[in-house]
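In what follows, a single structure is set out as structure tokens and then discussed.
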Amino acid sequence: MADYKAVRVEAGRGGWGGPLTIKPTAERSLIYSVTGGGIHPVAQRIADMTGGEPFDGFKSSAPFDKIAVAVIDCGGTARVGVYPMKKVPTVDVHATSPAGPLAMFIKEDIFVSGVGLENVKEA
Amino acid sequence: MDPAQTRYATMVTSVGDQVAEFVAQGLLIWFAEGAPEELHFFAVLHRPTVTTGGVRPGDLVRIDDTAFRVTAVGEVANENMVNLGHMDLKANGAHEAPLPGDICLEELPLPEPRPGTTLVIEGDAAEADPTRR
């Protein structure tokens, strides 16, 4: 059985929300990258540090209750709200703030933005 | 005048349940087919044929027979469009994009896309900016 570790993810420059503590479990093991060009380096780093499984949301689909964290490269309107609405902790690599039609779901305890590699730290 | 360059061209394959609601608010969210299922309910899904990118203010977005002038383009909008077929079209007439993913259009009523609807973005070929692809 995998031994998962926790990471702390902080808002980067110009970012908003968080910090989030991410620790995968056997049930919620996926580091779900919903980004252009495959697994984003931030998702890969979270996976490497926690022992979670990197997963490309544009290649195949996964149920929300398997996802430890969603990593997005959202420009502020659409993806920023979808995963928080489903209670999935969400990391945006772009520096966005609550906006768009689902803004009401975007809270500091479930969303953090502007995140670069240096903002993912051992918890 | 230089010839027009097609920056992007695509055809709608399906339309999410909540798209009509967003159209009424001047917002159209697009993703290429293959986007995760959780994004479908509010998105227009489509199959692109031209994905050059480089959209900039002054370009024209044609949705079937209706043309909209682009007024502003957010800093990650072209990257999202080229990589994911993702666009946030906002008919708000803004001259500065409020959000980094926005493609702002002149403030006109947006059409409600249906399967088969086409979207073409064209601009001046001389002004194509390869650094924004």
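Residue names in the structure tokens use chain letters A, B, ... in the order shown, residue numbers from 1 in each chain, and ligand numbers from 1 in the order shown.
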
Pull out every residue of chain A that has at least one atom within 9 Å of chain B, counting only C-alpha atoms, and report them as a compact mmCIF listing (two decimals) with C-alpha atoms, in the first residue's frame.
# COMPACT_ATOMS: atom_id res chain seq x y z
CA VAL A 34 -6.66 19.60 -16.63
CA THR A 35 -4.10 21.59 -18.59
CA GLY A 36 -2.78 22.05 -22.11
CA GLY A 37 0.11 19.86 -23.19
CA GLY A 57 -7.88 14.87 -17.62
CA PHE A 58 -7.78 15.49 -21.36
CA LYS A 59 -6.71 11.92 -22.12
CA SER A 60 -9.19 9.99 -20.02
CA SER A 61 -11.80 10.65 -17.38
CA ALA A 62 -11.90 10.01 -13.65
CA ASP A 73 -4.32 26.43 -16.32
CA CYS A 74 -7.53 28.37 -16.36
CA GLY A 75 -7.78 31.92 -17.58
CA GLY A 76 -10.38 32.80 -14.99
CA THR A 77 -13.85 31.89 -16.24
CA ALA A 78 -14.65 28.23 -16.63
CA ARG A 79 -12.43 25.63 -14.99
CA VAL A 82 -16.04 23.55 -11.78
CA TYR A 83 -13.74 21.62 -9.45
CA HIS A 94 -2.46 31.23 -13.51
CA ALA A 95 -3.04 34.08 -11.04
CA THR A 96 -6.84 34.18 -11.07
CA ALA A 99 -14.85 35.23 -11.15
CA PRO A 101 -20.41 32.07 -13.58

Exercise: Val55 of chain B partners within 7 Å, only C-alpha atoms, chain neighbours under 4 positions left out, as a PDB file with C-alpha atoms, in the first residue's frame:
ATOM      1  CA  ARG B   7      -6.264  32.189 -37.078  1.00  0.00           C
ATOM      2  CA  ASP B  59      -9.628  40.453 -35.667  1.00  0.00           C
ATOM      3  CA  ASN B  78      -4.230  32.188 -27.339  1.00  0.00           C
TER       4      ASN B  78
END

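A straight line drawn from atom CA of Gly51 of chain A to atom CA of Pro24 of chain A is 7.6 Å long.
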
Near Thr71 of chain B, within 6 Å and counting only C-alpha atoms, which residues show up once chain neighbours fewer than 2 positions away are dropped, as a PyMOL selection string? chain B and resi 57+95+104-105

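Minimum atom-to-atom distances from A:Glu53, A:Asp48, A:Asp109, A:Asp92 to Gly14 of chain A were compared using only C-alpha atoms, and the lowest value belongs to A:Asp92.
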
Report as a short mmCIF file (atom, residue, chain, number, x, y, z; two decimals) with C-alpha atoms, in the first residue's frame: the residues of segment 34-93 of chain A with a DSSP assignment of strand (DSSP E), based on the backbone of this structure.
data_model
loop_
_atom_site.label_atom_id
_atom_site.label_comp_id
_atom_site.auth_asym_id
_atom_site.auth_seq_id
_atom_site.Cartn_x
_atom_site.Cartn_y
_atom_site.Cartn_z
CA VAL A 34 -6.66 19.60 -16.63
CA GLU A 53 -0.78 9.37 -9.31
CA PRO A 54 -0.50 11.97 -12.11
CA PHE A 55 -3.56 11.82 -14.36
CA ASP A 56 -4.25 13.73 -17.60
CA ILE A 67 -9.25 13.07 -7.25
CA ALA A 68 -6.92 14.41 -4.53
CA VAL A 69 -6.33 17.71 -6.31
CA ALA A 70 -7.13 19.26 -9.69
CA VAL A 71 -4.38 21.32 -11.35
CA ILE A 72 -5.68 23.71 -14.01
CA THR A 90 -8.09 23.16 -7.04
CA VAL A 91 -4.72 24.65 -7.97
CA ASP A 92 -4.63 27.20 -10.83
#

Could you list, as a compact mmCIF listing (two decimals) with N, CA and C atoms, in the first residue's frame, every residue within 6 Å of segment 44-47 of chain B, counting only C-alpha atoms and ignoring same-chain residues fewer than 2 positions away?
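out_26.txt, written as the output of this step:
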# COMPACT_ATOMS: atom_id res chain seq x y z
N THR B 10 -13.38 26.20 -36.76
CA THR B 10 -13.89 25.00 -36.11
C THR B 10 -15.39 24.84 -36.37
N MET B 11 -15.88 23.62 -36.05
CA MET B 11 -17.31 23.35 -36.18
C MET B 11 -17.84 22.74 -34.89
N VAL B 12 -19.00 23.23 -34.48
CA VAL B 12 -19.62 22.79 -33.23
C VAL B 12 -20.12 21.35 -33.38
N THR B 13 -19.82 20.53 -32.37
CA THR B 13 -20.33 19.15 -32.39
C THR B 13 -21.41 18.91 -31.33
N SER B 14 -21.34 19.63 -30.21
CA SER B 14 -22.44 19.53 -29.24
C SER B 14 -22.44 20.74 -28.33
N VAL B 15 -23.58 20.97 -27.69
CA VAL B 15 -23.79 22.19 -26.91
C VAL B 15 -24.34 21.80 -25.54
N TRP B 30 -15.95 27.68 -24.89
CA TRP B 30 -15.68 26.65 -25.89
C TRP B 30 -14.58 25.71 -25.41
N PHE B 31 -14.76 24.42 -25.69
CA PHE B 31 -13.67 23.45 -25.51
C PHE B 31 -13.68 22.50 -26.70
N ALA B 32 -12.50 22.07 -27.11
CA ALA B 32 -12.43 21.05 -28.16
C ALA B 32 -12.99 19.74 -27.63
N GLU B 33 -13.52 18.93 -28.52
CA GLU B 33 -13.96 17.59 -28.17
C GLU B 33 -12.82 16.88 -27.44
